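A.B. asks: Contents of entry38.cif (mmCIF, C-alpha atoms and all ligand atoms) are below:
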```cif
data_run
#
loop_
_atom_site.label_atom_id
_atom_site.label_comp_id
_atom_site.auth_asym_id
_atom_site.auth_seq_id
_atom_site.Cartn_x
_atom_site.Cartn_y
_atom_site.Cartn_z
CA MET A 1 7.47 -7.91 3.43
CA ALA A 2 9.17 -10.55 5.59
CA PRO A 3 8.20 -14.18 4.90
CA ALA A 4 5.24 -14.96 7.09
CA VAL A 5 5.73 -18.67 7.79
CA LEU A 6 6.35 -19.17 11.48
CA ARG A 7 5.80 -22.72 12.68
CA PRO A 8 4.12 -26.00 11.77
CA THR A 9 0.75 -26.99 13.13
CA PRO A 10 0.60 -30.66 13.99
CA ARG A 11 -2.55 -29.99 16.00
CA LEU A 12 -4.43 -28.81 12.95
CA LEU A 13 -3.18 -31.64 10.77
CA ALA A 14 -4.20 -34.17 13.38
CA THR A 15 -7.66 -32.63 13.51
CA LEU A 16 -8.11 -32.74 9.78
CA GLY A 17 -6.86 -36.23 9.15
CA SER A 18 -7.19 -36.82 5.42
CA ARG A 19 -10.49 -34.98 5.06
CA ALA A 20 -9.73 -31.42 4.16
CA LEU A 21 -10.67 -28.87 1.54
CA THR A 22 -8.28 -26.29 0.25
CA ALA A 23 -9.56 -22.77 0.65
CA GLN A 24 -8.02 -19.46 -0.35
CA ALA A 25 -8.10 -16.39 1.86
CA ALA A 26 -6.86 -12.80 1.68
CA VAL A 27 -4.95 -11.99 4.85
CA TYR A 28 -2.42 -9.42 6.03
CA THR A 29 0.46 -9.98 8.38
CA GLU A 30 1.01 -6.30 9.14
CA THR A 31 -0.96 -3.08 8.66
CA GLY A 32 -0.10 -0.84 5.72
CA ASN A 33 -1.13 0.05 2.19
CA PRO A 34 -3.63 -2.71 1.29
CA GLN A 35 -2.06 -3.27 -2.11
CA ASP A 36 1.28 -3.97 -0.42
CA VAL A 37 0.26 -6.05 2.56
CA VAL A 38 -2.70 -8.20 1.51
CA ARG A 39 -1.61 -11.70 0.58
CA VAL A 40 -3.65 -14.64 -0.69
CA VAL A 41 -2.88 -17.86 1.14
CA GLU A 42 -4.19 -21.40 0.83
CA ARG A 43 -5.64 -23.01 3.91
CA GLU A 44 -6.75 -26.52 4.68
CA LEU A 45 -10.14 -26.62 6.33
CA PRO A 46 -12.29 -29.54 7.43
CA ASP A 47 -14.62 -30.54 4.61
CA GLY A 48 -17.46 -31.74 6.81
CA PRO A 49 -18.91 -31.84 10.30
CA ALA A 50 -16.39 -34.43 11.54
CA GLY A 51 -13.54 -31.94 11.48
CA LEU A 52 -15.47 -29.11 13.13
CA ALA A 53 -15.28 -28.38 16.85
CA ALA A 54 -18.47 -27.84 18.84
CA GLY A 55 -20.06 -24.53 17.96
CA GLN A 56 -18.17 -24.19 14.67
CA VAL A 57 -19.60 -23.75 11.20
CA LEU A 58 -18.01 -24.33 7.80
CA VAL A 59 -19.04 -21.62 5.35
CA ARG A 60 -18.58 -21.33 1.61
CA MET A 61 -18.44 -17.63 0.83
CA LEU A 62 -20.73 -16.42 -1.96
CA ALA A 63 -19.90 -12.73 -2.22
CA ALA A 64 -18.06 -10.01 -0.29
CA PRO A 65 -17.54 -6.33 -1.13
CA VAL A 66 -14.41 -4.24 -0.64
CA ASN A 67 -15.58 -1.29 1.45
CA PRO A 68 -13.54 1.81 2.32
CA SER A 69 -13.64 0.79 5.99
CA ASP A 70 -12.03 -2.57 5.10
CA LEU A 71 -9.13 -0.66 3.57
CA ASN A 72 -8.92 1.68 6.58
CA GLN A 73 -8.80 -1.38 8.82
CA ILE A 74 -5.89 -2.86 6.85
CA GLU A 75 -4.11 0.50 7.05
CA GLY A 76 -4.60 0.43 10.81
CA THR A 77 -6.67 3.64 10.83
CA TYR A 78 -10.08 2.13 11.64
CA PRO A 79 -11.33 1.71 15.22
CA VAL A 80 -12.18 -1.95 14.58
CA ARG A 81 -8.70 -3.45 14.34
CA GLY A 82 -7.86 -6.57 12.40
CA ARG A 83 -7.61 -9.57 14.72
CA PHE A 84 -4.11 -10.91 14.32
CA GLY A 85 -3.78 -14.55 15.27
CA PRO A 86 -2.43 -17.86 14.02
CA VAL A 87 -3.59 -18.81 10.54
CA ALA A 88 -2.71 -22.31 9.42
CA VAL A 89 -1.60 -22.27 5.81
CA ARG A 90 -1.44 -25.23 3.47
CA GLY A 91 1.68 -27.29 3.91
CA GLY A 92 1.54 -27.36 7.68
CA ALA A 93 2.77 -23.96 8.73
CA GLU A 94 1.17 -21.15 10.69
CA ILE A 95 1.40 -17.45 10.04
CA SER A 96 0.29 -14.65 12.31
CA ALA A 97 -2.21 -12.71 10.25
CA ALA A 98 -5.56 -10.93 10.21
CA ALA A 99 -8.24 -11.82 7.70
CA GLY A 100 -9.48 -9.17 5.26
CA GLY A 101 -13.10 -8.17 4.72
CA ASN A 102 -15.89 -7.43 7.17
CA GLU A 103 -19.01 -7.78 5.10
CA GLY A 104 -20.30 -10.60 2.92
CA VAL A 105 -22.57 -13.58 2.67
CA GLY A 106 -21.77 -17.25 2.76
CA GLU A 107 -23.61 -20.54 2.58
CA VAL A 108 -23.32 -22.97 5.48
CA LEU A 109 -21.81 -26.27 4.32
CA ALA A 110 -21.53 -28.09 7.66
CA VAL A 111 -22.04 -27.46 11.36
CA GLY A 112 -20.24 -28.81 14.41
CA GLY A 113 -21.83 -30.21 17.54
CA GLY A 114 -24.32 -28.11 19.45
CA VAL A 115 -25.08 -25.74 16.58
CA ALA A 116 -28.82 -25.23 16.23
CA ALA A 117 -29.14 -21.63 15.02
CA VAL A 118 -27.90 -22.34 11.49
CA ARG A 119 -28.14 -25.36 9.20
CA PRO A 120 -26.41 -26.49 6.00
CA GLY A 121 -27.84 -24.52 3.09
CA ASP A 122 -28.51 -21.39 5.15
CA TRP A 123 -27.11 -18.09 4.00
CA VAL A 124 -25.27 -16.28 6.79
CA VAL A 125 -23.71 -12.85 7.29
CA PRO A 126 -21.21 -11.94 10.00
CA ARG A 127 -22.89 -10.38 13.04
CA ARG A 128 -19.95 -8.14 13.93
CA ALA A 129 -17.21 -6.40 11.98
CA GLY A 130 -13.74 -7.84 12.39
CA GLU A 131 -14.84 -11.40 13.13
CA LEU A 132 -15.15 -13.59 10.08
CA GLY A 133 -12.79 -12.23 7.45
CA THR A 134 -15.05 -12.41 4.42
CA TRP A 135 -12.47 -12.26 1.64
CA CYS A 136 -12.00 -15.99 1.34
CA THR A 137 -13.49 -18.89 -0.55
CA HIS A 138 -14.34 -20.81 2.66
CA ALA A 139 -14.09 -20.11 6.37
CA VAL A 140 -14.64 -21.84 9.67
CA ALA A 141 -16.41 -19.57 12.15
CA GLY A 142 -18.20 -19.69 15.47
CA ALA A 143 -21.94 -20.07 14.93
CA ASP A 144 -22.65 -17.28 17.43
CA GLY A 145 -20.88 -14.78 15.13
CA LEU A 146 -23.16 -15.54 12.18
CA ALA A 147 -26.66 -14.27 11.50
CA PRO A 148 -28.84 -16.44 9.23
CA ILE A 149 -30.80 -14.78 6.43
CA PRO A 150 -34.21 -16.49 6.30
CA ARG A 151 -34.88 -18.18 2.97
CA ALA A 152 -37.95 -16.07 2.29
CA TRP A 153 -35.90 -12.87 2.62
CA ARG A 154 -33.24 -13.93 0.13
CA GLU A 155 -35.67 -15.08 -2.54
CA GLY A 156 -35.38 -13.05 -5.73
CA VAL A 157 -32.25 -11.18 -4.67
CA ALA A 158 -28.65 -11.78 -5.69
CA ALA A 159 -25.92 -12.92 -3.32
CA THR A 160 -24.20 -9.56 -3.86
CA ASP A 161 -27.35 -7.78 -2.60
CA VAL A 162 -27.17 -9.75 0.65
CA ALA A 163 -23.39 -9.35 0.84
CA CYS A 164 -23.77 -5.56 0.74
CA LEU A 165 -26.84 -5.33 2.95
CA LYS A 166 -25.49 -4.79 6.45
CA VAL A 167 -23.42 -1.67 6.06
CA ASN A 168 -24.31 0.84 3.35
CA PRO A 169 -28.09 0.48 2.89
CA CYS A 170 -28.57 0.16 6.65
CA THR A 171 -26.46 3.28 7.29
CA ALA A 172 -28.71 5.20 4.90
CA TYR A 173 -31.82 3.66 6.46
CA ARG A 174 -30.85 4.61 10.01
CA MET A 175 -29.61 8.09 9.18
CA LEU A 176 -32.86 8.94 7.39
CA ARG A 177 -34.95 7.60 10.26
CA ASP A 178 -33.10 8.39 13.46
CA PHE A 179 -31.94 12.01 13.31
CA ALA A 180 -34.91 14.16 12.34
CA ASP A 181 -38.64 14.09 12.25
CA LEU A 182 -38.87 14.40 8.48
CA ARG A 183 -42.11 15.13 6.67
CA PRO A 184 -42.96 14.16 3.09
CA GLY A 185 -41.44 16.71 0.74
CA ASP A 186 -38.63 17.70 3.11
CA TYR A 187 -35.16 17.87 1.64
CA VAL A 188 -32.06 16.01 2.70
CA VAL A 189 -28.70 17.21 1.40
CA GLN A 190 -25.68 14.91 1.09
CA ASN A 191 -22.19 14.83 -0.31
CA GLY A 192 -20.50 11.73 -1.73
CA ALA A 193 -23.92 11.18 -3.28
CA ASN A 194 -22.64 8.63 -5.79
CA SER A 195 -21.19 6.42 -3.04
CA GLY A 196 -22.90 3.23 -1.92
CA VAL A 197 -24.44 4.98 1.06
CA GLY A 198 -25.33 8.02 -1.05
CA ARG A 199 -27.19 5.93 -3.62
CA ALA A 200 -29.03 4.14 -0.83
CA VAL A 201 -30.03 7.50 0.67
CA ILE A 202 -31.41 8.64 -2.68
CA GLN A 203 -33.51 5.52 -3.18
CA LEU A 204 -34.84 5.19 0.35
CA ALA A 205 -35.59 8.92 0.57
CA ARG A 206 -37.55 8.76 -2.67
CA HIS A 207 -39.43 5.70 -1.44
CA TRP A 208 -40.35 7.49 1.80
CA GLY A 209 -41.52 10.67 0.05
CA LEU A 210 -38.45 12.79 0.83
CA ARG A 211 -36.40 14.81 -1.60
CA THR A 212 -32.63 14.84 -1.97
CA ILE A 213 -29.99 17.39 -2.97
CA ASN A 214 -26.94 15.44 -4.01
CA VAL A 215 -23.43 16.81 -4.13
CA VAL A 216 -20.79 14.98 -6.17
CA ARG A 217 -17.28 15.84 -7.26
CA ASP A 218 -16.70 17.29 -10.69
CA ARG A 219 -15.51 14.75 -13.27
CA PRO A 220 -15.38 14.01 -16.97
CA HIS A 221 -18.74 12.63 -18.12
CA LEU A 222 -20.49 14.36 -15.22
CA ASP A 223 -23.75 14.37 -17.12
CA ALA A 224 -23.85 10.56 -17.23
CA LEU A 225 -23.53 10.42 -13.45
CA ARG A 226 -26.12 13.17 -13.04
CA GLN A 227 -28.58 11.21 -15.18
CA GLU A 228 -27.81 8.01 -13.27
CA LEU A 229 -28.56 9.61 -9.91
CA LEU A 230 -31.68 11.35 -11.22
CA ALA A 231 -32.88 7.98 -12.52
CA LEU A 232 -32.37 6.52 -9.03
CA GLY A 233 -34.67 9.21 -7.65
CA ALA A 234 -32.40 12.18 -6.90
CA ASP A 235 -34.17 15.57 -7.07
CA VAL A 236 -31.11 17.77 -7.48
CA VAL A 237 -27.56 16.78 -8.43
CA VAL A 238 -24.93 19.47 -8.07
CA THR A 239 -21.13 19.44 -8.01
CA ASP A 240 -19.13 20.86 -5.14
CA ARG A 241 -17.75 23.40 -7.64
CA GLU A 242 -21.28 24.50 -8.61
CA LEU A 243 -22.19 24.72 -4.94
CA GLY A 244 -19.45 27.34 -4.56
CA GLU A 245 -21.14 29.54 -7.19
CA ASP A 246 -23.67 32.20 -6.19
CA ALA A 247 -26.35 31.18 -8.70
CA ALA A 248 -26.57 27.57 -7.47
CA ARG A 249 -26.46 28.61 -3.83
CA ARG A 250 -29.27 31.14 -4.33
CA ARG A 251 -31.40 28.57 -6.12
CA LEU A 252 -30.88 25.96 -3.42
CA ARG A 253 -31.58 28.41 -0.62
CA SER A 254 -35.01 29.24 -1.98
CA LEU A 255 -36.50 25.77 -2.15
CA ASP A 256 -40.17 25.20 -1.35
CA ALA A 257 -39.39 23.06 1.72
CA PRO A 258 -36.66 23.10 4.36
CA VAL A 259 -33.48 21.05 4.28
CA ARG A 260 -33.67 19.50 7.72
CA LEU A 261 -30.89 16.97 7.44
CA GLY A 262 -27.45 16.72 5.87
CA PHE A 263 -25.24 13.65 5.46
CA ASN A 264 -21.51 14.06 5.18
CA CYS A 265 -18.95 11.42 4.20
CA VAL A 266 -16.33 13.78 2.80
CA GLY A 267 -15.21 16.54 5.22
CA GLY A 268 -13.35 19.74 4.39
CA ARG A 269 -14.79 22.46 2.17
CA ALA A 270 -17.40 20.24 0.52
CA THR A 271 -19.02 19.75 3.92
CA LEU A 272 -18.96 23.40 4.87
CA GLN A 273 -20.71 24.45 1.65
CA MET A 274 -23.30 21.77 1.99
CA THR A 275 -24.03 22.59 5.61
CA LYS A 276 -24.90 26.16 4.65
CA LEU A 277 -28.00 24.76 2.94
CA ILE A 278 -29.34 23.19 6.14
CA ALA A 279 -32.26 25.07 7.70
CA GLU A 280 -32.30 26.51 11.21
CA GLY A 281 -32.28 23.78 13.84
CA GLY A 282 -31.35 21.14 11.25
CA THR A 283 -28.79 18.38 11.72
CA LEU A 284 -25.57 17.52 9.96
CA VAL A 285 -24.72 13.83 10.36
CA SER A 286 -21.13 12.87 9.56
CA TYR A 287 -20.56 9.22 8.79
CA GLY A 288 -17.33 9.16 6.78
CA GLY A 289 -14.26 11.23 5.96
CA MET A 290 -13.23 10.36 2.42
CA SER A 291 -11.20 13.56 1.87
CA ARG A 292 -9.37 12.95 5.17
CA GLN A 293 -10.02 16.64 5.93
CA PRO A 294 -11.65 17.69 9.22
CA VAL A 295 -15.19 18.97 9.44
CA THR A 296 -14.93 22.68 10.18
CA LEU A 297 -18.10 24.67 10.77
CA PRO A 298 -18.19 28.45 11.20
CA THR A 299 -19.44 29.67 14.55
CA SER A 300 -22.27 31.53 12.82
CA LEU A 301 -23.88 28.27 11.65
CA LEU A 302 -23.88 26.96 15.21
CA LEU A 303 -24.85 30.25 16.87
CA PHE A 304 -27.37 31.85 14.56
CA ARG A 305 -28.73 28.75 12.88
CA ASP A 306 -28.41 26.25 15.69
CA ILE A 307 -27.13 23.56 13.33
CA ARG A 308 -26.54 20.34 15.25
CA ALA A 309 -23.49 18.29 14.34
CA ARG A 310 -23.81 14.59 14.97
CA GLY A 311 -22.00 11.41 13.97
CA PHE A 312 -23.25 7.99 12.97
CA TRP A 313 -21.45 4.65 12.94
CA MET A 314 -23.39 1.56 11.92
CA ASN A 315 -21.04 -0.67 13.93
CA ARG A 316 -21.93 1.20 17.10
CA TRP A 317 -25.63 0.82 16.29
CA TYR A 318 -25.24 -2.95 15.81
CA ALA A 319 -23.16 -3.25 18.99
CA ALA A 320 -25.93 -1.52 20.93
CA ALA A 321 -28.44 -3.91 19.36
CA GLN A 322 -26.72 -6.98 20.81
CA GLY A 323 -28.74 -8.41 23.62
CA CYS A 324 -31.37 -5.68 23.26
CA ARG A 325 -34.53 -7.34 21.99
CA GLU A 326 -36.08 -4.17 20.61
CA ARG A 327 -32.96 -3.24 18.62
CA GLU A 328 -32.42 -6.78 17.37
CA ALA A 329 -35.98 -6.78 16.11
CA ALA A 330 -35.38 -3.38 14.49
CA ALA A 331 -32.26 -4.73 12.76
CA ALA A 332 -34.13 -7.77 11.47
CA ALA A 333 -37.02 -5.61 10.26
CA MET A 334 -34.58 -3.28 8.51
CA TRP A 335 -32.78 -6.13 6.70
CA GLN A 336 -36.08 -7.68 5.69
CA ASP A 337 -37.38 -4.34 4.48
CA ILE A 338 -34.31 -3.58 2.35
CA LEU A 339 -34.30 -7.05 0.81
CA ARG A 340 -38.03 -6.75 0.08
CA LEU A 341 -37.46 -3.39 -1.63
CA THR A 342 -34.61 -4.98 -3.59
CA ARG A 343 -36.82 -7.86 -4.69
CA GLU A 344 -39.56 -5.42 -5.70
CA GLY A 345 -37.14 -3.34 -7.77
CA VAL A 346 -37.52 -0.26 -5.56
CA PHE A 347 -33.98 -0.51 -4.27
CA ALA A 348 -30.80 -1.46 -6.10
CA THR A 349 -27.42 -2.28 -4.61
CA GLN A 350 -24.72 0.11 -5.80
CA PRO A 351 -22.93 -0.86 -9.04
CA LEU A 352 -20.19 -3.39 -8.33
CA ALA A 353 -17.41 -4.82 -10.44
CA ALA A 354 -17.37 -8.55 -9.75
CA ALA A 355 -13.95 -10.08 -9.12
CA ARG A 356 -14.58 -13.79 -9.69
CA TRP A 357 -12.58 -15.95 -7.33
CA THR A 358 -12.90 -19.70 -6.77
CA PRO A 359 -10.84 -22.26 -4.84
CA ASP A 360 -9.50 -23.37 -8.24
CA THR A 361 -8.21 -19.93 -9.17
CA PRO A 362 -4.41 -20.31 -9.46
CA LEU A 363 -2.84 -18.61 -6.44
CA ALA A 364 -0.94 -16.05 -8.53
CA ASP A 365 -4.18 -15.06 -10.34
CA ALA A 366 -6.05 -14.83 -7.04
CA GLN A 367 -3.28 -12.57 -5.70
CA ARG A 368 -3.56 -10.35 -8.79
CA LEU A 369 -7.32 -10.00 -8.53
CA VAL A 370 -7.19 -9.29 -4.81
CA THR A 371 -4.40 -6.71 -5.20
CA ALA A 372 -6.43 -4.93 -7.88
CA ALA A 373 -9.60 -5.04 -5.78
CA VAL A 374 -8.03 -3.46 -2.69
CA ALA A 375 -6.78 -0.37 -4.53
CA TRP A 376 -8.15 2.87 -3.10
CA GLY A 377 -10.52 4.55 -5.51
CA ALA A 378 -11.31 1.44 -7.57
CA ALA A 379 -14.50 2.44 -9.35
CA PRO A 380 -16.96 0.87 -9.49
CA LYS A 381 -16.46 -0.75 -6.11
CA ARG A 382 -15.13 -4.31 -6.26
CA ALA A 383 -16.96 -7.29 -4.85
CA PHE A 384 -15.50 -10.78 -4.71
CA VAL A 385 -17.92 -13.28 -6.16
CA PHE A 386 -16.91 -16.80 -5.22
N1 LIG B 401 -20.43 5.44 9.60
C1 LIG B 401 -20.79 4.30 9.07
O1 LIG B 401 -21.39 3.44 9.71
C2 LIG B 401 -20.50 4.05 7.63
C3 LIG B 401 -21.16 3.04 6.93
C4 LIG B 401 -20.88 2.88 5.59
C5 LIG B 401 -19.94 3.68 4.98
N2 LIG B 401 -19.28 4.61 5.71
C6 LIG B 401 -18.31 5.52 5.10
O2 LIG B 401 -18.98 6.22 4.09
C7 LIG B 401 -18.07 6.54 3.07
C8 LIG B 401 -18.63 6.02 1.76
O3 LIG B 401 -18.63 4.60 1.81
P1 LIG B 401 -19.19 3.76 0.57
O4 LIG B 401 -18.93 2.34 0.78
O5 LIG B 401 -20.57 4.21 0.32
O6 LIG B 401 -18.21 4.33 -0.55
P2 LIG B 401 -18.01 3.99 -2.06
O7 LIG B 401 -19.24 3.43 -2.64
O8 LIG B 401 -16.74 3.26 -2.18
O9 LIG B 401 -17.80 5.45 -2.69
C9 LIG B 401 -16.77 6.26 -2.29
C10 LIG B 401 -17.24 7.71 -2.34
O10 LIG B 401 -16.24 8.55 -1.77
C11 LIG B 401 -15.96 9.61 -2.71
N3 LIG B 401 -14.55 9.98 -2.54
C12 LIG B 401 -13.49 9.19 -2.68
N4 LIG B 401 -12.37 9.89 -2.42
C13 LIG B 401 -12.77 11.15 -2.13
C14 LIG B 401 -12.07 12.35 -1.78
N5 LIG B 401 -10.76 12.39 -1.68
N6 LIG B 401 -12.80 13.46 -1.57
C15 LIG B 401 -14.15 13.43 -1.67
N7 LIG B 401 -14.87 12.33 -1.98
C16 LIG B 401 -14.17 11.21 -2.21
C17 LIG B 401 -16.25 9.01 -4.05
O11 LIG B 401 -16.49 10.04 -4.95
P3 LIG B 401 -15.82 10.08 -6.41
O12 LIG B 401 -16.71 9.24 -7.28
O13 LIG B 401 -15.87 11.52 -6.74
O14 LIG B 401 -14.44 9.52 -6.29
C18 LIG B 401 -17.51 8.21 -3.73
O15 LIG B 401 -18.62 9.05 -3.68
C19 LIG B 401 -16.74 5.94 3.47
O16 LIG B 401 -16.00 6.92 4.15
C20 LIG B 401 -17.15 4.84 4.43
O17 LIG B 401 -16.13 4.49 5.32
C21 LIG B 401 -19.55 4.81 7.01
#
```
The structure in this file should be written as structure tokens.
C.D. replies:
Amino acid sequence: MAPAVLRPTPRLLATLGSRALTAQAAVYTETGNPQDVVRVVERELPDGPAGLAAGQVLVRMLAAPVNPSDLNQIEGTYPVRGRFGPVAVRGGAEISAAAGGNEGVGEVLAVGGGVAAVRPGDWVVPRRAGELGTWCTHAVAGADGLAPIPRAWREGVAATDVACLKVNPCTAYRMLRDFADLRPGDYVVQNGANSGVGRAVIQLARHWGLRTINVVRDRPHLDALRQELLALGADVVVTDRELGEDAARRRLRSLDAPVRLGFNCVGGRATLQMTKLIAEGGTLVSYGGMSRQPVTLPTSLLLFRDIRARGFWMNRWYAAAQGCREREAAAAAMWQDILRLTREGVFATQPLAAARWTPDTPLADAQRLVTAAVAWGAAPKRAFVF
């Protein structure tokens, strides 16, 4: 990769004067394989309100996960593109880079003039994907891009629970609620059932009296995963290989209640097999494409079974919520609900491997931990804990 230093920033240095804190941030100067293009840089940020412009907020990040969509964004294959712009790095130079990470939680350290919506000590999450760049120890952001998490909501939950709230649990929540009129005892079938979204589907479905058929990929130690998902509340756990066998298909086609809804984050053959379990008039909701294979459905499923194929994207749902009072209230109620269920032990955030990263982490060590965390297929999922 070409050296990224472009030009000095006297403006920034003048703004900071002598009061600055040194933050570290994971950025990328070009799209590509995340392990190749993500670089950790040091940045000098104002250490208090005096250095902040009106409307700005200084945030100390607490935790931020590495989601598949973050990696897609760095590859340049995600519809929300990284925002490339000048990033002032320590030593007085600027690079043109985009900041990594879309989800996470931080604590407000200081606010600039005119900021009333958040105060020092508040926990905040980014309102929109692609804005904050959450893989950093500290950031300066516009207050209007940050949503505060009321203190009562965050009580009794970990920072990682809040960091992972906005995307996966909410995707599960909306998909279970918005696509079918489900009745207690109905089945939902899903693939990628051990993913973050899949685990959230299992737990919320169980809580709401629904039953789940969960498809996972074959693996060594399959039984351990099966037991883990059953303990979360799964009713059936089956591998995509087993789903291709007559015995399993027959068993799953003669359940005592219909499968009205299917959730797909894989694509290809795994999706086709799963869709065959969905009852007449039922809905297949695709929300991811981990296999990078297209969703192909035979005409017969559409014609004779009237299966509806839909898509869901949490970002689109949040975008539609902006400025719409009813939706904003629904989003707040959903976040509050999930955090309450977390506090009460009904809901658990997916297992995460914590990558501990502080402003004092030597730069080379920070680079190593970030490079490891942005590998595709890192299991369990990595979360930076600052
Ligand atoms: N539409 C939305 O709004 C929305 C929101 C959240 C997430 N998503 C998408 O949902 C998917 C899951 O996200 P997550 O954060 O829950 O994931 P995650 O926790 O990182 O888990 C990844 C899942 O993908 C499976 N997987 C990985 N590579 C695969 C392949 N080649 N073929 C089949 N399965 C594969 C993994 O199964 P193994 O254990 O077998 O590897 C695991 O179940 C991603 O595609 C993500 O972008 C979409």
A.B. asks: Please return as a ChimeraX atom specification every residue within 10 Å of (-6.1, -7.4, 6.1), taking into account only C-alpha atoms and the file's own coordinates.
C.D. replies: /A:26-34,37-39,70-76,81-84,97-102,130,133,135,374
A.B. asks: Go ahead and save the picked residues with C-alpha atoms, as a tab-separated table (two decimals), in the frame of the given file.
C.D. replies:
```tsv
chain	number	residue	atom	x	y	z
A	26	ALA	CA	-6.86	-12.80	1.68
A	27	VAL	CA	-4.95	-11.99	4.85
A	28	TYR	CA	-2.42	-9.42	6.03
A	29	THR	CA	0.46	-9.98	8.38
A	30	GLU	CA	1.01	-6.30	9.14
A	31	THR	CA	-0.96	-3.08	8.66
A	32	GLY	CA	-0.10	-0.84	5.72
A	33	ASN	CA	-1.13	0.05	2.19
A	34	PRO	CA	-3.63	-2.71	1.29
A	37	VAL	CA	0.26	-6.05	2.56
A	38	VAL	CA	-2.70	-8.20	1.51
A	39	ARG	CA	-1.61	-11.70	0.58
A	70	ASP	CA	-12.03	-2.57	5.10
A	71	LEU	CA	-9.13	-0.66	3.57
A	72	ASN	CA	-8.92	1.68	6.58
A	73	GLN	CA	-8.80	-1.38	8.82
A	74	ILE	CA	-5.89	-2.86	6.85
A	75	GLU	CA	-4.11	0.50	7.05
A	76	GLY	CA	-4.60	0.43	10.81
A	81	ARG	CA	-8.70	-3.45	14.34
A	82	GLY	CA	-7.86	-6.57	12.40
A	83	ARG	CA	-7.61	-9.57	14.72
A	84	PHE	CA	-4.11	-10.91	14.32
A	97	ALA	CA	-2.21	-12.71	10.25
A	98	ALA	CA	-5.56	-10.93	10.21
A	99	ALA	CA	-8.24	-11.82	7.70
A	100	GLY	CA	-9.48	-9.17	5.26
A	101	GLY	CA	-13.10	-8.17	4.72
A	102	ASN	CA	-15.89	-7.43	7.17
A	130	GLY	CA	-13.74	-7.84	12.39
A	133	GLY	CA	-12.79	-12.23	7.45
A	135	TRP	CA	-12.47	-12.26	1.64
A	374	VAL	CA	-8.03	-3.46	-2.69
```
A.B. asks: Taking all atoms listed in the file into account, name the residue in A:Gly311, A:Gly192, A:Gly113, A:Pro380 that is nearest to ligand LIG 401 (chain B).
C.D. replies: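 Of A:Gly311, A:Gly192, A:Gly113, A:Pro380, the one nearest ligand LIG 401 (chain B) is A:Gly192, counting all atoms listed in the file.
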A.B. asks: Check which residues of chain A sit at most 6 Å from ligand LIG 401 (chain B) using only C-alpha atoms and all ligand atoms, and return one row each with the closest pair of atoms and their distance in Å to one decimal, ordered by chain and rising number, as JSON lines.
C.D. replies:
```
{"residue": "A:Asn67", "atom": "CA", "partner": "B:LIG401", "partner_atom": "O4", "distance": 5.0}
{"residue": "A:Pro68", "atom": "CA", "partner": "B:LIG401", "partner_atom": "O17", "distance": 4.8}
{"residue": "A:Ser69", "atom": "CA", "partner": "B:LIG401", "partner_atom": "O17", "distance": 4.5}
{"residue": "A:Val167", "atom": "CA", "partner": "B:LIG401", "partner_atom": "C4", "distance": 5.2}
{"residue": "A:Asn168", "atom": "CA", "partner": "B:LIG401", "partner_atom": "C4", "distance": 4.6}
{"residue": "A:Thr171", "atom": "CA", "partner": "B:LIG401", "partner_atom": "C3", "distance": 5.3}
{"residue": "A:Gly192", "atom": "CA", "partner": "B:LIG401", "partner_atom": "O15", "distance": 3.8}
{"residue": "A:Ala193", "atom": "CA", "partner": "B:LIG401", "partner_atom": "O15", "distance": 5.7}
{"residue": "A:Asn194", "atom": "CA", "partner": "B:LIG401", "partner_atom": "O15", "distance": 4.6}
{"residue": "A:Ser195", "atom": "CA", "partner": "B:LIG401", "partner_atom": "O9", "distance": 3.5}
{"residue": "A:Gly196", "atom": "CA", "partner": "B:LIG401", "partner_atom": "O5", "distance": 3.4}
{"residue": "A:Val197", "atom": "CA", "partner": "B:LIG401", "partner_atom": "O5", "distance": 4.0}
{"residue": "A:Arg217", "atom": "CA", "partner": "B:LIG401", "partner_atom": "O13", "distance": 4.6}
{"residue": "A:Cys265", "atom": "CA", "partner": "B:LIG401", "partner_atom": "C7", "distance": 5.1}
{"residue": "A:Val266", "atom": "CA", "partner": "B:LIG401", "partner_atom": "C15", "distance": 5.0}
{"residue": "A:Tyr287", "atom": "CA", "partner": "B:LIG401", "partner_atom": "N1", "distance": 3.9}
{"residue": "A:Gly288", "atom": "CA", "partner": "B:LIG401", "partner_atom": "O16", "distance": 3.7}
{"residue": "A:Gly289", "atom": "CA", "partner": "B:LIG401", "partner_atom": "O16", "distance": 5.0}
{"residue": "A:Met290", "atom": "CA", "partner": "B:LIG401", "partner_atom": "C13", "distance": 4.6}
{"residue": "A:Ser291", "atom": "CA", "partner": "B:LIG401", "partner_atom": "N5", "distance": 3.8}
{"residue": "A:Phe312", "atom": "CA", "partner": "B:LIG401", "partner_atom": "N1", "distance": 5.1}
{"residue": "A:Trp313", "atom": "CA", "partner": "B:LIG401", "partner_atom": "O1", "distance": 3.4}
{"residue": "A:Met314", "atom": "CA", "partner": "B:LIG401", "partner_atom": "O1", "distance": 3.5}
{"residue": "A:Asn315", "atom": "CA", "partner": "B:LIG401", "partner_atom": "O1", "distance": 5.9}
{"residue": "A:Lys381", "atom": "CA", "partner": "B:LIG401", "partner_atom": "O8", "distance": 5.6}
```
A.B. asks: Interatomic distance between atom CA of A:Thr77 and atom CA of A:Ala355?
C.D. replies: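 Calculated distance between atom CA of A:Thr77 and atom CA of A:Ala355 is 25.3 Å.
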A.B. asks: In Å, rounded to a single decimal, give me how far atom CA of A:Leu52 is from atom CA of A:Gln367.
C.D. replies: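 Atom CA of A:Gln367 sits 27.9 Å away from atom CA of A:Leu52.
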